[in-house]
Each structure stands twice: as C-alpha cells, then as structure tokens.
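Below is structure_32.txt, holding compact mmCIF, C-alpha atoms.
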```txt
# COMPACT_ATOMS: atom_id res chain seq x y z
CA MET A 1 9.55 12.25 -15.79
CA LEU A 2 10.50 10.69 -12.43
CA VAL A 3 11.52 14.08 -11.11
CA GLN A 4 8.25 15.56 -12.38
CA LEU A 5 6.27 12.82 -10.60
CA TYR A 6 8.24 13.40 -7.42
CA LEU A 7 7.71 17.18 -7.53
CA ALA A 8 4.01 16.92 -8.37
CA PHE A 9 3.31 14.70 -5.37
CA LEU A 10 5.62 16.80 -3.22
CA ARG A 11 3.37 19.79 -3.99
CA ILE A 12 0.22 17.75 -3.38
CA GLY A 13 1.53 16.45 -0.05
CA GLY A 14 2.87 19.82 1.01
CA LEU A 15 -0.19 21.89 0.18
CA THR A 16 -3.12 19.77 1.35
CA PHE A 17 -4.24 19.28 4.90
CA GLY A 18 -5.93 16.24 6.38
CA GLY A 19 -5.41 13.87 3.47
CA GLY A 20 -8.00 11.56 1.99
CA LEU A 21 -10.95 13.38 0.48
CA THR A 22 -9.57 16.90 0.98
CA MET A 23 -6.79 15.92 -1.39
CA LEU A 24 -9.04 15.28 -4.40
CA PRO A 25 -9.20 18.87 -5.79
CA MET A 26 -5.42 19.20 -5.55
CA LEU A 27 -4.88 15.81 -7.22
CA LYS A 28 -7.25 16.80 -9.98
CA TYR A 29 -5.41 20.06 -10.58
CA GLU A 30 -1.91 18.55 -10.64
CA LEU A 31 -2.59 15.25 -12.43
CA VAL A 32 -5.51 15.96 -14.74
CA GLU A 33 -5.55 19.66 -15.55
CA LYS A 34 -1.89 20.68 -15.36
CA ASN A 35 0.11 17.63 -16.44
CA HIS A 36 -2.54 15.57 -18.30
CA TRP A 37 -1.07 12.38 -16.86
CA ILE A 38 -4.45 10.73 -16.31
CA THR A 39 -8.08 11.51 -17.14
CA GLU A 40 -10.59 12.50 -14.50
CA GLU A 41 -12.30 9.08 -14.79
CA GLU A 42 -8.98 7.34 -14.16
CA LEU A 43 -8.45 9.52 -11.11
CA ILE A 44 -11.84 8.55 -9.67
CA ASP A 45 -11.10 4.88 -10.40
CA CYS A 46 -7.75 5.04 -8.70
CA TYR A 47 -9.33 6.84 -5.77
CA ALA A 48 -11.82 4.00 -5.50
CA VAL A 49 -8.99 1.44 -5.53
CA GLY A 50 -7.19 3.54 -2.92
CA GLN A 51 -10.20 3.34 -0.64
CA CYS A 52 -10.62 -0.41 -1.13
CA THR A 53 -7.08 -1.28 -0.14
CA PRO A 54 -5.27 -1.07 3.16
CA GLY A 55 -3.09 1.94 3.87
CA ILE A 56 -3.32 5.71 3.65
CA ILE A 57 -5.54 6.70 0.70
CA ALA A 58 -3.18 9.48 -0.40
CA ILE A 59 -0.26 7.05 -0.59
CA ASN A 60 -2.31 4.46 -2.45
CA THR A 61 -3.33 7.06 -5.02
CA ALA A 62 0.24 8.31 -5.43
CA THR A 63 1.59 4.79 -5.90
CA TYR A 64 -1.16 3.93 -8.38
CA VAL A 65 -0.65 7.00 -10.57
CA GLY A 66 3.15 6.72 -10.46
CA PHE A 67 3.03 3.03 -11.34
CA LYS A 68 0.62 3.57 -14.24
CA LYS A 69 2.88 6.31 -15.61
CA LYS A 70 6.36 4.91 -15.09
CA GLY A 71 6.25 1.43 -13.58
CA VAL A 72 7.74 0.43 -10.23
CA THR A 73 10.22 3.31 -10.02
CA GLY A 74 7.41 5.74 -10.90
CA GLY A 75 5.34 4.38 -8.04
CA ILE A 76 8.24 4.70 -5.63
CA PHE A 77 9.11 8.26 -6.68
CA SER A 78 5.50 9.46 -6.41
CA THR A 79 5.19 7.94 -2.96
CA LEU A 80 8.49 9.50 -1.85
CA GLY A 81 7.18 12.87 -3.04
CA MET A 82 4.01 12.44 -1.00
CA VAL A 83 5.97 11.38 2.11
CA THR A 84 8.65 14.09 2.08
CA PRO A 85 6.61 17.08 3.36
CA SER A 86 5.16 15.11 6.30
CA LEU A 87 8.56 13.79 7.31
CA VAL A 88 10.24 17.19 7.24
CA ILE A 89 7.48 19.32 8.74
CA ILE A 90 6.45 16.91 11.48
CA THR A 91 10.00 16.13 12.54
CA ILE A 92 10.77 19.83 12.96
CA LEU A 93 7.51 20.48 14.83
CA ALA A 94 7.82 17.43 17.07
CA ALA A 95 11.35 18.41 18.00
CA SER A 96 10.40 21.98 18.90
CA LEU A 97 7.12 21.03 20.60
CA ASN A 98 8.82 18.66 23.05
CA THR A 99 11.03 21.48 24.34
CA ILE A 100 8.22 24.00 24.95
CA LEU A 101 5.70 21.61 26.54
CA ASP A 102 6.77 22.55 30.08
CA ASN A 103 5.82 26.22 29.68
CA VAL A 104 2.72 27.19 31.73
CA TRP A 105 1.04 29.11 28.91
CA VAL A 106 1.69 26.29 26.48
CA GLY A 107 -0.09 24.09 29.02
CA HIS A 108 -3.16 26.40 29.03
CA ALA A 109 -3.16 26.52 25.24
CA LEU A 110 -2.88 22.74 25.01
CA MET A 111 -5.92 22.22 27.21
CA GLY A 112 -7.90 24.42 24.84
CA ILE A 113 -6.48 22.63 21.81
CA ARG A 114 -7.45 19.28 23.32
CA GLY A 115 -11.06 20.41 23.45
CA VAL A 116 -10.83 21.23 19.74
CA VAL A 117 -9.19 17.86 19.00
CA CYS A 118 -12.17 16.12 20.64
CA ALA A 119 -14.61 18.19 18.61
CA LEU A 120 -12.85 17.51 15.28
CA MET A 121 -12.49 13.80 15.98
CA PHE A 122 -16.17 13.62 16.92
CA ASN A 123 -16.98 15.27 13.60
CA THR A 124 -14.77 12.76 11.74
CA VAL A 125 -16.64 9.85 13.30
CA LEU A 126 -19.96 11.49 12.43
CA ASN A 127 -18.97 11.85 8.77
CA LEU A 128 -17.62 8.28 8.63
CA ALA A 129 -20.83 6.93 10.14
CA LYS A 130 -22.90 8.76 7.54
CA LYS A 131 -20.89 7.12 4.77
CA SER A 132 -20.44 3.60 6.12
CA LEU A 133 -23.72 2.88 7.90
CA VAL A 134 -25.87 2.39 4.82
CA ASN A 135 -28.28 -0.34 5.95
CA VAL A 136 -29.33 -2.50 8.90
CA SER A 137 -26.53 -5.06 8.63
CA THR A 138 -23.80 -2.40 8.55
CA CYS A 139 -25.36 -0.76 11.63
CA ILE A 140 -25.39 -4.10 13.44
CA ILE A 141 -21.74 -4.76 12.56
CA CYS A 142 -20.81 -1.30 13.80
CA ALA A 143 -22.69 -1.80 17.08
CA ILE A 144 -21.15 -5.23 17.72
CA VAL A 145 -17.61 -4.02 16.99
CA LEU A 146 -18.10 -0.96 19.17
CA ALA A 147 -19.24 -3.17 22.05
CA LEU A 148 -16.27 -5.49 21.50
CA CYS A 149 -13.88 -2.53 21.53
CA LEU A 150 -15.34 -1.10 24.72
CA PHE A 151 -15.59 -4.28 26.75
CA THR A 152 -12.81 -6.54 25.47
CA ASP A 153 -9.28 -5.97 24.23
CA ILE A 154 -9.49 -7.74 20.89
CA PRO A 155 -6.76 -6.26 18.67
CA SER A 156 -8.02 -4.05 15.84
CA VAL A 157 -6.21 -6.27 13.30
CA ILE A 158 -8.39 -9.28 14.20
CA ILE A 159 -11.56 -7.22 13.83
CA VAL A 160 -10.58 -6.01 10.35
CA ILE A 161 -9.76 -9.56 9.20
CA VAL A 162 -12.92 -11.12 10.68
CA THR A 163 -15.28 -8.53 9.20
CA ALA A 164 -13.64 -8.94 5.79
CA VAL A 165 -14.23 -12.70 6.01
CA ILE A 166 -17.85 -12.14 7.09
CA GLY A 167 -18.37 -9.89 4.08
CA VAL A 168 -16.90 -12.38 1.60
CA VAL A 169 -18.70 -15.39 3.13
CA SER A 170 -22.09 -13.66 3.17
CA GLU A 171 -21.58 -12.68 -0.46
CA TRP A 172 -20.59 -16.27 -1.25
CA TYR A 173 -23.79 -17.72 0.23
CA GLY A 174 -26.23 -14.89 -0.32
CA GLY A 175 -24.70 -13.56 -3.52
CA SER A 176 -26.61 -15.83 -5.91
CA LYS A 177 -29.92 -14.64 -4.46
CA SER A 178 -29.11 -10.96 -4.59
CA LYS A 179 -27.37 -10.99 -7.95
CA ASN A 180 -30.08 -8.88 -9.49
CA GLU A 181 -29.79 -6.18 -6.84
CA LYS A 182 -28.07 -3.02 -7.88
CA VAL A 183 -24.50 -2.74 -6.69
CA ILE A 184 -24.10 -0.05 -4.09
CA GLY A 185 -21.33 2.37 -5.09
CA GLU A 186 -18.46 3.70 -3.01
CA ASP A 187 -20.39 6.67 -1.77
CA GLY A 188 -23.52 4.66 -1.00
CA SER A 189 -25.29 5.89 -4.13
CA GLU A 190 -26.86 3.32 -6.41
CA MET B 1 14.81 -6.45 19.99
CA ASN B 2 16.14 -3.34 18.37
CA ILE B 3 13.63 -0.52 18.77
CA LEU B 4 13.82 0.41 15.08
CA VAL B 5 13.01 -3.15 14.06
CA GLU B 6 10.07 -3.13 16.48
CA LEU B 7 8.89 0.22 15.13
CA PHE B 8 9.15 -1.11 11.59
CA ILE B 9 7.11 -4.23 12.38
CA GLU B 10 4.38 -2.34 14.26
CA PHE B 11 3.93 0.36 11.58
CA PHE B 12 4.12 -2.20 8.79
CA LYS B 13 1.16 -3.90 10.48
CA ILE B 14 -0.69 -0.58 10.68
CA GLY B 15 -0.05 0.06 6.99
CA LEU B 16 -1.34 -3.39 6.17
CA PHE B 17 -4.54 -3.27 8.22
CA ALA B 18 -5.56 0.39 8.48
CA VAL B 19 -8.25 0.32 5.81
CA GLY B 20 -9.87 3.67 5.14
CA GLY B 21 -6.96 6.05 5.34
CA GLY B 22 -5.75 8.49 7.99
CA PRO B 23 -8.26 8.24 10.84
CA ALA B 24 -8.11 4.43 10.56
CA THR B 25 -4.55 4.53 11.91
CA LEU B 26 -5.86 5.91 15.20
CA PRO B 27 -7.21 2.66 16.73
CA PHE B 28 -3.91 0.95 15.92
CA LEU B 29 -1.84 3.73 17.49
CA MET B 30 -4.16 3.46 20.49
CA ASP B 31 -3.37 -0.27 20.73
CA LEU B 32 0.31 0.70 20.73
CA THR B 33 -0.07 3.00 23.74
CA GLU B 34 -1.11 -0.07 25.73
CA LEU B 35 1.33 -2.57 24.26
CA LYS B 36 4.50 -0.46 24.09
CA PRO B 37 6.04 2.20 26.33
CA TRP B 38 6.61 4.47 23.33
CA PHE B 39 4.01 7.20 23.78
CA THR B 40 1.00 7.90 25.98
CA MET B 41 -2.61 8.81 25.22
CA GLN B 42 -1.73 12.44 26.05
CA ASP B 43 1.07 12.32 23.49
CA LEU B 44 -1.44 10.94 21.02
CA THR B 45 -3.80 13.92 21.41
CA ASN B 46 -0.87 16.28 20.82
CA MET B 47 -0.03 14.25 17.72
CA ILE B 48 -3.58 14.57 16.41
CA ALA B 49 -3.55 18.35 16.92
CA VAL B 50 -0.21 18.76 15.14
CA SER B 51 -1.06 16.30 12.36
CA GLU B 52 -4.42 17.91 11.61
CA SER B 53 -3.01 21.41 11.44
CA THR B 54 0.01 20.68 9.23
CA PRO B 55 0.10 19.79 5.54
CA GLY B 56 0.26 16.18 4.46
CA PRO B 57 -1.99 13.18 4.95
CA LEU B 58 -3.10 12.64 8.56
CA GLY B 59 -1.87 9.03 8.72
CA LEU B 60 1.61 9.94 7.50
CA ASN B 61 1.91 12.84 9.91
CA MET B 62 0.78 10.68 12.82
CA SER B 63 3.27 7.92 12.04
CA THR B 64 6.15 10.35 11.54
CA TYR B 65 5.32 11.97 14.89
CA ALA B 66 4.88 8.67 16.71
CA GLY B 67 8.13 7.34 15.27
CA TYR B 68 9.96 10.54 16.22
CA GLN B 69 8.56 10.38 19.74
CA THR B 70 9.83 6.81 20.05
CA ALA B 71 13.28 6.92 18.49
CA GLY B 72 14.10 10.40 17.16
CA ILE B 73 14.52 11.36 13.51
CA ILE B 74 15.49 7.85 12.39
CA GLY B 75 12.43 6.56 14.23
CA GLY B 76 10.16 8.94 12.32
CA ILE B 77 11.63 7.86 8.99
CA THR B 78 11.44 4.17 9.90
CA ALA B 79 7.80 4.35 11.02
CA THR B 80 6.73 6.29 7.94
CA PHE B 81 8.42 3.97 5.46
CA ALA B 82 7.09 0.91 7.26
CA LEU B 83 3.58 2.40 7.03
CA VAL B 84 3.94 3.10 3.32
CA LEU B 85 5.54 -0.18 2.26
CA PRO B 86 2.41 -2.42 2.27
CA SER B 87 0.57 0.18 0.15
CA LEU B 88 3.40 0.31 -2.37
CA VAL B 89 3.45 -3.45 -2.85
CA ILE B 90 -0.31 -4.05 -2.77
CA ILE B 91 -1.21 -1.17 -5.08
CA MET B 92 1.43 -2.09 -7.65
CA LEU B 93 0.23 -5.70 -7.70
CA ILE B 94 -3.36 -4.57 -8.09
CA ALA B 95 -2.49 -2.05 -10.79
CA LYS B 96 -0.61 -4.74 -12.70
CA PHE B 97 -2.83 -7.79 -12.33
CA LEU B 98 -6.31 -6.75 -11.27
CA GLU B 99 -7.77 -4.25 -13.69
CA ASN B 100 -11.22 -4.22 -12.10
CA PHE B 101 -10.22 -4.93 -8.52
CA ASN B 102 -12.63 -2.47 -6.94
CA LYS B 103 -15.51 -3.72 -9.08
CA ASN B 104 -15.11 -7.35 -7.96
CA ARG B 105 -18.19 -8.31 -5.95
CA TYR B 106 -16.25 -10.15 -3.25
CA VAL B 107 -13.96 -7.18 -2.75
CA GLN B 108 -16.99 -4.92 -2.52
CA ALA B 109 -18.71 -7.28 -0.09
CA ALA B 110 -15.64 -7.43 2.13
CA PHE B 111 -15.29 -3.67 2.24
CA LYS B 112 -18.98 -3.12 2.84
CA MET B 113 -18.47 -5.01 6.12
CA ILE B 114 -15.03 -3.60 6.93
CA ARG B 115 -16.19 0.02 6.66
CA PRO B 116 -18.76 -0.03 9.50
CA ALA B 117 -16.30 -2.04 11.61
CA VAL B 118 -13.61 0.58 11.01
CA THR B 119 -16.11 3.30 11.93
CA ALA B 120 -16.67 1.51 15.24
CA LEU B 121 -12.91 1.09 15.78
CA ILE B 122 -12.35 4.78 15.19
CA ALA B 123 -15.33 5.72 17.36
CA SER B 124 -13.96 3.72 20.27
CA ALA B 125 -10.49 5.20 19.71
CA VAL B 126 -12.06 8.67 19.77
CA LEU B 127 -13.75 7.86 23.09
CA ASN B 128 -10.28 7.14 24.46
CA VAL B 129 -9.07 10.44 23.02
CA PHE B 130 -11.93 12.15 24.90
CA ARG B 131 -10.85 10.47 28.14
CA ALA B 132 -7.21 11.39 27.64
CA SER B 133 -7.87 15.00 26.66
CA LEU B 134 -10.81 16.07 28.79
CA PHE B 135 -9.61 14.63 32.09
CA ILE B 136 -6.55 15.67 34.03
CA GLU B 137 -4.87 13.35 36.47
CA VAL B 138 -4.40 14.92 39.89
CA ASP B 139 -2.98 12.72 42.65
CA GLY B 140 -4.04 9.57 40.81
CA LYS B 141 -7.62 10.77 40.38
CA LEU B 142 -9.15 11.82 37.08
CA ILE B 143 -10.77 15.26 37.15
CA LEU B 144 -12.93 16.55 34.31
CA SER B 145 -11.60 19.73 32.74
CA VAL B 146 -14.89 21.61 32.36
CA GLY B 147 -13.32 24.33 30.23
CA SER B 148 -11.97 21.88 27.65
CA LEU B 149 -15.34 20.12 27.56
CA ILE B 150 -17.17 23.41 26.91
CA ILE B 151 -14.73 24.30 24.12
CA ALA B 152 -15.29 20.85 22.59
CA ILE B 153 -19.09 21.21 22.69
CA VAL B 154 -19.03 24.74 21.25
CA VAL B 155 -16.78 23.66 18.35
CA VAL B 156 -18.91 20.56 17.61
CA ILE B 157 -22.01 22.78 17.35
CA LEU B 158 -20.29 25.51 15.32
CA ILE B 159 -18.72 23.06 12.87
CA GLN B 160 -22.16 21.75 11.84
CA LEU B 161 -23.13 25.23 10.63
CA LYS B 162 -22.71 25.80 6.90
CA PRO B 163 -20.34 28.82 6.93
CA CYS B 164 -18.07 27.12 9.51
CA LYS B 165 -17.73 23.81 7.64
CA LYS B 166 -14.87 25.00 5.46
CA ILE B 167 -12.83 26.56 8.25
CA HIS B 168 -9.39 25.01 8.36
CA PRO B 169 -8.60 22.85 11.43
CA PHE B 170 -5.60 25.08 12.14
CA PHE B 171 -7.90 28.04 12.89
CA TRP B 172 -9.97 25.94 15.26
CA PHE B 173 -6.76 25.02 17.08
CA VAL B 174 -5.69 28.69 17.27
CA ALA B 175 -9.12 29.59 18.64
CA GLY B 176 -8.92 26.73 21.14
CA ALA B 177 -5.42 27.71 22.25
CA THR B 178 -6.51 31.33 22.71
CA ALA B 179 -9.55 30.29 24.72
CA GLY B 180 -7.35 27.99 26.80
CA CYS B 181 -4.97 30.84 27.63
CA ILE B 182 -7.77 33.32 28.40
CA LEU B 183 -9.60 30.84 30.65
CA ARG B 184 -6.29 29.61 32.11
CA LEU B 185 -7.36 26.01 31.78
```
File written out as structure tokens:
Amino acid sequence: MLVQLYLAFLRIGGLTFGGGLTMLPMLKYELVEKNHWITEEELIDCYAVGQCTPGIIAINTATYVGFKKKGVTGGIFSTLGMVTPSLVIITILAASLNTILDNVWVGHALMGIRGVVCALMFNTVLNLAKKSLVNVSTCIICAIVLALCLFTDIPSVIIVIVTAVIGVVSEWYGGSKSKNEKVIGEDGSE
Amino acid sequence: MNILVELFIEFFKIGLFAVGGGPATLPFLMDLTELKPWFTMQDLTNMIAVSESTPGPLGLNMSTYAGYQTAGIIGGITATFALVLPSLVIIMLIAKFLENFNKNRYVQAAFKMIRPAVTALIASAVLNVFRASLFIEVDGKLILSVGSLIIAIVVVILIQLKPCKKIHPFFWFVAGATAGCILRL
C-alpha cells in the first residue's frame, strides 16, 4: 500500500506541469478512477483544505490523501512520491543549465524566454486577481498591500500574518451581523 | 551559520507562510534575493522558466532549483524538504483533529483576506521579474530590451485567445527562445 501510494504520487508529480489546479484531472484519474482510494467529493474537500493551508497545494493534497489512507507513514510516502520527480529533474537541469549559460546563442534564447516568462507571470496574476478580488474590501486590501510592497520593504511573512488577523477580527466583530449572509465558496460562487 | 541550516530555516519559513501554492513562493524567494547572496533576480527568472516547463509543482521546482543554486545537490534536497515539512505537519494535524477545518467561518474569513494580499504580493514580485528580465545592465545603466518586451506583449495577447489557452508553457518558451535567436536579442 505504501509503495502504491508512493508510485501513484510519483506519477502525478512526474506527469503534471505547473502544479495546483492543473493537477486536478491527474489526481482524479489516479486516486478516484483508477485506485478508488477516495471519492470525488473527498478529493474536492481535500483540495479545499489544501488551498486553505500554507504550503504548496499539491503537497498538501498528497499529504492529506496519504494520511487518510495509511496514517503518518502514508502521508510521508505520498509526499515523497510527489517530491521525487521535481528533485531529480530540476537538479539535472540546473546542473546542465549552469554550464551552458555562457554560450552566445543560449544568451539570445534566454532573452526571448524571459519575455515569455513575463507574459506567463502576468497571466498568472490576472487569473489570481479574478479569483481573489471578489468584492470591494478584497480590492482595497489588494491595493494597500501592493502599495506597501512597492514603497516599503515589509517582509511578506508579516503581510500574510496581519491580513489573516484582520480577516479573523472583522469576522469576530462583524460576524454576528452578517450571519445570515450566504457563505462565499472557494471559487467565489455562492 | 552553516549554509544548509540557513537554507533549511528560510525554506521552512516559505513553506509555512506561502499560502496559495506555487506562485505564492515567488515573493518570498524575491525577499531572499535581497537578504542573502544565494541567487540574483536574473537567476530567479531562469528558475521560473525551467520550473514552468518541467513536470512537478511550480513551488517544489523553484525551491529545488534555488537550493541547488545555493549549495549544490544537498542544497536542493534540503530546501525542498524544508519547504514540505510545514505542510506535512499542518495537514496531518488538520486531517486528524479538524474535520471541517475549511468550513470554519474564522478560517474562511482569514483566507478571504489573505488571498487578495497574496495576489498583491505576487503582483509586486512579478513587477520585479519584469524589471530583472526586460532590462539589461550595461555599464551600470539599465537598458530596456525592446525585443523581449515585444515578445512579452505578443504572448500576453495570444494567451488570452481561446485556442491558445491550453498551449503548454514549454511551447511558449520554445517559441520565445526561437524568436530570441532569430532577432539576436
């Protein structure tokens, strides 16, 4: 069972690109359809937990499924499976990339690739903004934090902690009034 | 302090505070370029390109690369395990004790505020990526690489079109590399 968990997450880690949401179809295939380890509802739940906790979503999901199936060792083996492809592939690439960086043509190619990196990162921010900026207060938070990032050097850690506290405190004081409001779901749908 | 211990502490922190998965590690790695002499902004853009075009979660790939850049193979392993460790502990505790963790209203309230903040953190990190990748330093002055900028704009426009949405990042990088070689950027 432990070996099966390890291999399943090894395949998931080794065959998906980008992580996070792009991993969902692969997770569904391996965990729900092929091995019947969890139901689709459980997968969505554990995805939701993965998004609500610190750390890489893929790792959180792997740990959660492994733990549910086989306790602490299950969680560790699943996570190891997820980590292995990245460790191997990236180490090999990083080692070979460092030796070819001085080549002129590699330099030309890299300048082109950097343009693409900018474009893809811009797109990532766009998609994140669509998902996280759901009302006026979230837009204000985003604007304030962006200004803080650009004009001060407050560490990112502080910002994450402070906004979490703001969220909890505002729920504490305003929660009783808005109890009857519908809870907004993960994806912003009601 | 031993560099591996330092790596472990820094990536443990990232694992603990990077809420929202892969891209959320970027602002923290950016902080590291200023705090530590481990890797530069230019290195970071290379890392993004490699991490996006290889299998595996973005955050894991980035930390393996950053760790490797800092202290070789052992560094890559150290950084990755440090990144993963907080998740392992937190998720197991939640799975064991908090059945409806994500449905708790305080948890939801906290994350409703964290998410836009993380979006802003990532946005500002991406602005730094723009500066590091679109400008070249010549004799201490920053010069805009017009070619790279044009490639960036073209890809941003193309990627919004329906048929292009599903194109794998790797193919965009190949196209970018080809354009870079043809234009001799």
(request) Give me the residues within 8 Å of Ala66 of chain B as an MDAnalysis selection string, counting only C-alpha atoms and dropping any in the same chain fewer than 6 places off. (result) chainID B and resid 39 44 47 76 79
Closest pair table for segment 6-79 of chain A residues within 12 Å of segment 159-175 of chain A, all atoms listed in the file, as CSV:
```
residue,atom,partner,partner_atom,distance
A:Cys52,CA,A:Ala164,CA,11.4
A:Thr53,CA,A:Ala164,CA,11.7
A:Pro54,CA,A:Val160,CA,10.2
```
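Considering all atoms listed in the file, the residue among A:Asn103, A:Thr39, A:Thr61, A:Gln4 positioned nearest to chain B is A:Thr61.
The spacing separating atom CA of Ile140 of chain A from atom CA of Leu35 of chain B amounts to 28.9 Å.
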(request) Using all atoms listed in the file, determine which residues lie at most 12 Å from Ile158 of chain A, disregarding the query and same-chain residues fewer than 2 positions distant; provide the list as an MDAnalysis selection string. (result) (chainID A and resid 145 148:149 153:156 160:165) or (chainID B and resid 13 17:18 28 114 117:118 121)
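A straight line drawn from atom CA of Val126 of chain B to atom CA of Phe122 of chain A is 7.0 Å long.
Using only C-alpha atoms, the residues found no farther than 9 Å from Tyr68 of chain B, other than those of its own chain fewer than 3 positions away, are Ile90, Thr91, Ala94 and Ala95 of chain A; Ser63, Thr64, Tyr65, Ala71, Gly72, Ile73, Ile74, Gly75, Gly76, Ile77 and Ala79 of chain B.
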For the point (6.6, 0.8, -9.5) in the file's frame, write as a PDB file with C-alpha atoms, in the coordinates of the input all residues with an atom no more than 9 Å away, counting all atoms listed in the file.
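Heads up, here's the output in part36.pdb:
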```pdb
ATOM      1  CA  THR A  63       1.590   4.790  -5.900  1.00  0.00           C
ATOM      2  CA  TYR A  64      -1.160   3.930  -8.380  1.00  0.00           C
ATOM      3  CA  GLY A  66       3.150   6.720 -10.460  1.00  0.00           C
ATOM      4  CA  PHE A  67       3.030   3.030 -11.340  1.00  0.00           C
ATOM      5  CA  LYS A  68       0.620   3.570 -14.240  1.00  0.00           C
ATOM      6  CA  LYS A  70       6.360   4.910 -15.090  1.00  0.00           C
ATOM      7  CA  GLY A  71       6.250   1.430 -13.580  1.00  0.00           C
ATOM      8  CA  VAL A  72       7.740   0.430 -10.230  1.00  0.00           C
ATOM      9  CA  THR A  73      10.220   3.310 -10.020  1.00  0.00           C
ATOM     10  CA  GLY A  74       7.410   5.740 -10.900  1.00  0.00           C
ATOM     11  CA  GLY A  75       5.340   4.380  -8.040  1.00  0.00           C
ATOM     12  CA  ILE A  76       8.240   4.700  -5.630  1.00  0.00           C
ATOM     13  CA  PHE A  77       9.110   8.260  -6.680  1.00  0.00           C
TER      14      PHE A  77
ATOM     15  CA  LEU B  88       3.400   0.310  -2.370  1.00  0.00           C
ATOM     16  CA  VAL B  89       3.450  -3.450  -2.850  1.00  0.00           C
ATOM     17  CA  MET B  92       1.430  -2.090  -7.650  1.00  0.00           C
TER      18      MET B  92
END
```
(request) Just give me the gap between atom CA of Asn135 of chain A and atom CA of Leu16 of chain B in Å, one decimal is fine. (result) 27.1 Å
(message) When you count all atoms listed in the file, which of these residues is closest to Ile144 of chain A: B:Met113, B:Ile150, B:Ile167, B:Leu85?
(response) B:Met113
(message) Give me the residues near Ala82 of chain B as number ranges by chain, where near means some atom within 9 Å (using only C-alpha atoms) and where sequence neighbours in that chain fewer than 2 positions away do not count.
(response) B: 7-15, 77-80, 84-86
